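The next block holds one structure in the form of structure tokens; read it before the comments.
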Amino acid sequence: MIESIISSIGIGGFAGSMIALLIKIAIVFGVVMLHVAYATYFERKVIGHIQMRLGPMTVGPHGILQPVADGIKSFFKEDVIPSGADKAIFKLAPVVSVFAALGCLAVVPFFDGFVLANINIGLLYIFAMSSLSAYGIVMAGWSSNSKYSFLGGLRSTAQVISYEVALGLSLVGVMILSESLNLTEIVNAQQKYWHGMFIIPQFLGAFVFMIAAFAETNRAPFDLPEAESELVAGFFVEYSGMRFALFYMAEYIGMLVMSSISVLCFMGGWTLPPFILEVFPSLAAVPGLVWFLFKIYFHVFVYYWIRSTLPRFRYDHLMSLGWKVLIPLALINIVITALVKYYC
Amino acid sequence: MNIPFPDLTPAMPEVIMTSAAVLLLMLDLCFKNKALLALAGVITAGAVLYFLPVSMGETFGGMFISDRYSLYFKFIFMVNLILTILISIKYFQKQDEETGEHFSLLLFATSGMMIMASAKDLIVLYLGLELMALSTYVMAGLRRQNIKSNEAALKYFLLGAFSSALLLYGISLLYGMTTTTDIYAIADHINEIGSTHAFTAAMVLIISAFAFKIAAVPFHMWAPDVYEGAPSPVTAFMSVGPKAAGFAVMGRVLFVAFSEVQADWTAILIGISIATMAAGNILALVQTNIKRMLAYSSVAHAGYALIGIIAGTDEGLNAMMAYMMIYAFMNIGAFAIVILMNKGKEISDYEGLSKERPVAALLMLIFMFSLTGIPPTAGFIGKFNIFLAAVEAGYAWLVIIAVIFSAMSAYYYLRVVRNMYMREAKAPVIITRSLTLDFALLITAVMVVLIGILPSIIVR
Amino acid sequence: MTPKIFFIYFAISMTFMSVMVITRRNPVHSVLWMIGLFFHIAAVYLFLNAEFLAAVQIILYAGAIMVLFLFVIMMLNLKEEVVAPRFIGEWPIGVALGIAIITMIIYSVFTIQPGPVGEHTIEAIQKTTHAKAIGSLLYTKYIFPFEIASLVLLVAVVGAIVLAKKR
């Protein structure tokens, strides 16, 4: 779409595609940043109502301008760097976090045909990027030269590595069924089945993925790296101002990315299951982006819901859940899927 | 996609060995008595011996070859495995560090050696070597409370990792120039386009890695510390197994892949061999610890065995193989005596052994004579064959050097004998006998004498 | 031409990063440079259309192994390298040997004649996609090394537990 407009005004070839790509990046970046800003608002509202409160109400009608106020505040806050900190790494850490989170968005198809980089190994690329997000936390924890952040950093390292295994293995079933690592092709592969969503044959994988995704994004009930009540915010306790805001952004982008992988791999992405379309053929006219966003916000809602319902896990419970329950479950899922695929 | 199932018959011994190793890991959970695991290990070795003769041919798309050459080496590995199991049962009980994993790792290491002996492809060779090496690194550190054992494991691991890197550099160079890792295809390629400096560089790197495994100078530095620190049965195991496996792959790679450039590698090996014999024998002279002495002697023996490869003939290769077999018997026998003694670390601990324990002293005498190469023991036959092959190939001067060093070795081997027979014991000698250890001593002593008298049973 | 410029950039920066890895006094900095190095290596794999290898390089090396490295270094809390007196004084021999080996390698590198082109050229991989090509090779031609590699990993796991567990 954007390519055709660019070429119609006379810029073709390599330069044209580059300009089109830049415009797409700008669109995605803008939309995602807006999402991040309002995801915080959404979270506070959801949790507020679950806890019988109102959430932010002061800034604007129903507090709708709260994220803007927060953004302005963190932008103008003083930037404090602890004296014992390793300055270069201290400054690098939030950047790495945000970079890793934003990098994932490059391969996420938001609707049919709209993807920044349609690469063959989309899923592996996302694993690679999300494994990097651990570095942001580790670097922040170590360079702050503070006990609390250091503990948070160590916890996060162990947690992210353990759950990354489960996360990767839980998606192998999807790879086997769709015979591809390309996210667009995975979505298309789901359309070939009557159910139109891999969550039905891959319920085990989806279950493992959901739990591992919570741990991977350091969200409750697995938010041990920050653990406000014991580590007073864990790895970013020494950060303030914009750098602190960057970590916050990384967390919410991470949530968005995990939700979109779940939507793409298990819930049919921007498509609707064929059996629903048979009953309501008129729904086919609705643009795919709507369904995609709808499914994503459902996931995001689940994140908030669980955060406000469940208490934090103890650390050894977290580890034994990851290694002794989730990884074996994911392996069983792979074996069953492979056998079914081979013999049916 | 249709995936063809490979023919497993030629690889049957390896299949048995690896499945038994995995099984042993699980059995370890069920049995408190680790001797049962040892028994299972011996049964496995027996099964492998049974399947060895019928497992001929190539499989896995020509990556694995089972021929007479590899069968002979696999036979050596089985002898090594059985004897090591026999001498280790009591040892670990005595040290109160009994681990079932020891036996499973022994089997894993042996399967690695078997894969090396049968490798027709450099990738398989490397992985077999790594399987063997990783298991032996861990076994060297099995006495975890002992700081020397820790040092041994760490040193062996670090230097072993270096040698693996050298091997991989060599393989990658070869692959870049020939786009194949098949040993026979590389030979064809060198035949076609002739050798270049880059081929020589690859060959030097690969020989260095093998020299590390056989503990040849200048890659012998790890041997004394590792031999001293590792638990004695493990030392016995890795002074024979990895060495024989190293010679097996060296023989195959040099005689097949680099057959065209024989003059080049002969020149390198002559230097290594002389340096190995010199360093091994001279440094052994000043050792007071018997395991260190045996370590340097093991270095020296690698030097003698190299002469068999240098000869470059089938006779030389055969003599080298026979030497490895003989070395297995006499060296493990000597270590069995070391294990037998409650206090047998220092050479001076053997003073007066003949008065108190005449049989043990006699056995040690046989092993020491054999290691020296005195007739009518097996060690003499081994050396004689190698020297004969080398003289026939025109390396009489090298044989003269080897004989001189061999005579020098009599000093430190016979010092043990002198301590046993001509000195009085300062403290009472205590030994811990066990049925299996006795059995191992019986086998080794009988074989050492028998081969010495009837060499035809081992030299074909 | 563009690929060449990119390659030159990667080659130079990889060398630079390798030097940084071994010259940093702070082990954490060394590890971080090493991670940068791994990214550049992954990029070089991309030049060969080996995108699967590139992803695995980052997931395994940068994402898992180096994190563990960092973890251990942090646990030990080594801010500065522990400085111990050198206990062997033979560094001139080491330098001489190093120079000799480098000379040998440089000398021999110029005589390398690349072997015949194999069947998995960049174009062929582009057609089948790299993940598929590598997968089918691993399960057919290289099934034997693949199985041995699994044994090697098993032994490594067993060994680590044997040496580290409390008794």
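Residue numbers start at 1 in each chain; chains themselves are named A, B, ... in the order of the structure tokens; ligands are numbered from 1 in the order shown.
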Using only C-alpha atoms, find which residues of chain C lie within 8 Å of chain A and jot them down as a short mmCIF file (atom, residue, chain, number, x, y, z; two decimals) with C-alpha atoms, in the first residue's frame.
data_model
loop_
_atom_site.label_atom_id
_atom_site.label_comp_id
_atom_site.auth_asym_id
_atom_site.auth_seq_id
_atom_site.Cartn_x
_atom_site.Cartn_y
_atom_site.Cartn_z
CA GLU C 51 19.82 -17.21 8.81
CA PHE C 52 19.03 -20.18 11.01
CA ALA C 55 19.51 -16.83 15.00
CA VAL C 56 20.85 -19.82 16.88
CA ILE C 58 22.36 -15.19 19.13
CA ILE C 59 19.87 -17.33 21.05
CA ALA C 62 24.56 -14.37 23.31
CA GLY C 63 21.28 -15.28 24.96
CA ALA C 64 22.18 -18.25 27.09
CA VAL C 67 24.35 -14.75 30.35
CA LEU C 68 25.60 -17.69 32.39
CA PHE C 71 26.01 -14.70 36.09
CA MET C 74 28.73 -11.44 39.06
CA THR C 129 15.33 -21.86 3.12
CA ALA C 131 16.26 -23.96 8.38
#
Pull the closest atom pair for each residue of chain B that gets at most 6 Å from chain C, along with the distance in Å to one decimal, counting only C-alpha atoms, ordering rows by chain and then ascending residue number, as JSON lines.
{"residue": "B:Val124", "atom": "CA", "partner": "C:Pro145", "partner_atom": "CA", "distance": 5.4}
{"residue": "B:Leu131", "atom": "CA", "partner": "C:Val152", "partner_atom": "CA", "distance": 4.9}
{"residue": "B:Val138", "atom": "CA", "partner": "C:Gly159", "partner_atom": "CA", "distance": 5.5}
{"residue": "B:Met177", "atom": "CA", "partner": "C:Gly115", "partner_atom": "CA", "distance": 4.4}
{"residue": "B:Thr178", "atom": "CA", "partner": "C:Gly115", "partner_atom": "CA", "distance": 4.4}
{"residue": "B:Thr179", "atom": "CA", "partner": "C:Gly115", "partner_atom": "CA", "distance": 5.4}
{"residue": "B:His197", "atom": "CA", "partner": "C:Ser108", "partner_atom": "CA", "distance": 4.9}
{"residue": "B:Ala198", "atom": "CA", "partner": "C:Ser108", "partner_atom": "CA", "distance": 4.5}
**OP:** From the DSSP assignment of the backbone, select every residue of stretch 112-289 of chain B that is alpha helix (DSSP H), and format the answer as a ChimeraX atom specification.
**Re:** /B:112-118,122-140,147-178,183-193,197-213,222-229,232-252,262-285
Original post:
Quick one, how far is atom CA of B:Ser195 from atom CA of B:Asp264?
Top reply: 10.2 Å
Subject >> Spatial neighbours of B:Ser370, 6 Å, only C-alpha atoms, chain gap at least 6 places, as a PyMOL selection string >> reply: chain B and resi 377-379
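Relative to atom CA of B:Ser259, atom CA of B:Ala393 is found at 15.8 Å.
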**OP:** Just give me the gap between atom CA of A:Ala117 and atom CA of C:Met66 in Å, one decimal is fine.
**Re:** 27.3 Å
Subject >> Shell around C:Val21 at 8 Å using only C-alpha atoms, local window under 5 positions removed, as a list in words >> reply: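 After dropping sequence-adjacent residues, the list is His29, Ser30, Val31, Trp33 and Met34 of chain C.
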**OP:** Write out as a ChimeraX atom specification which residues come within 8 Å of B:Gly229 when counting only C-alpha atoms, dropping same-chain ones fewer than 5 positions away.
**Re:** /B:140,148-152
Original post:
Which is closest to B:Ile431 among B:Ala361, B:Ile214, B:Ala402, B:Ala185, if we use only C-alpha atoms?
Top reply: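 Going through B:Ala361, B:Ile214, B:Ala402, B:Ala185 one by one, the smallest distance to B:Ile431 is for B:Ala361.
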Original post:
Which polymer residues have any atom within 10 Å of an atom of A:Leu289, counting only C-alpha atoms, with same-chain residues fewer than 2 positions away left out, as a PyMOL selection string?
Top reply: chain A and resi 109-112+114+269-271+286-287+291-295
Original post:
Counting only C-alpha atoms, what is within 8 Å of B:Ser406, bar same-chain residues fewer than 3 positions away, as number ranges by chain?
Top reply: B: 281, 372-373, 402-403, 409-410
Original post:
Between A:Phe75, A:Phe90, A:Tyr248, A:Phe207, which has the minimum distance to A:Leu169 (counting only C-alpha atoms)?
Top reply: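 Nearest candidate to A:Leu169 out of A:Phe75, A:Phe90, A:Tyr248, A:Phe207: A:Phe207.
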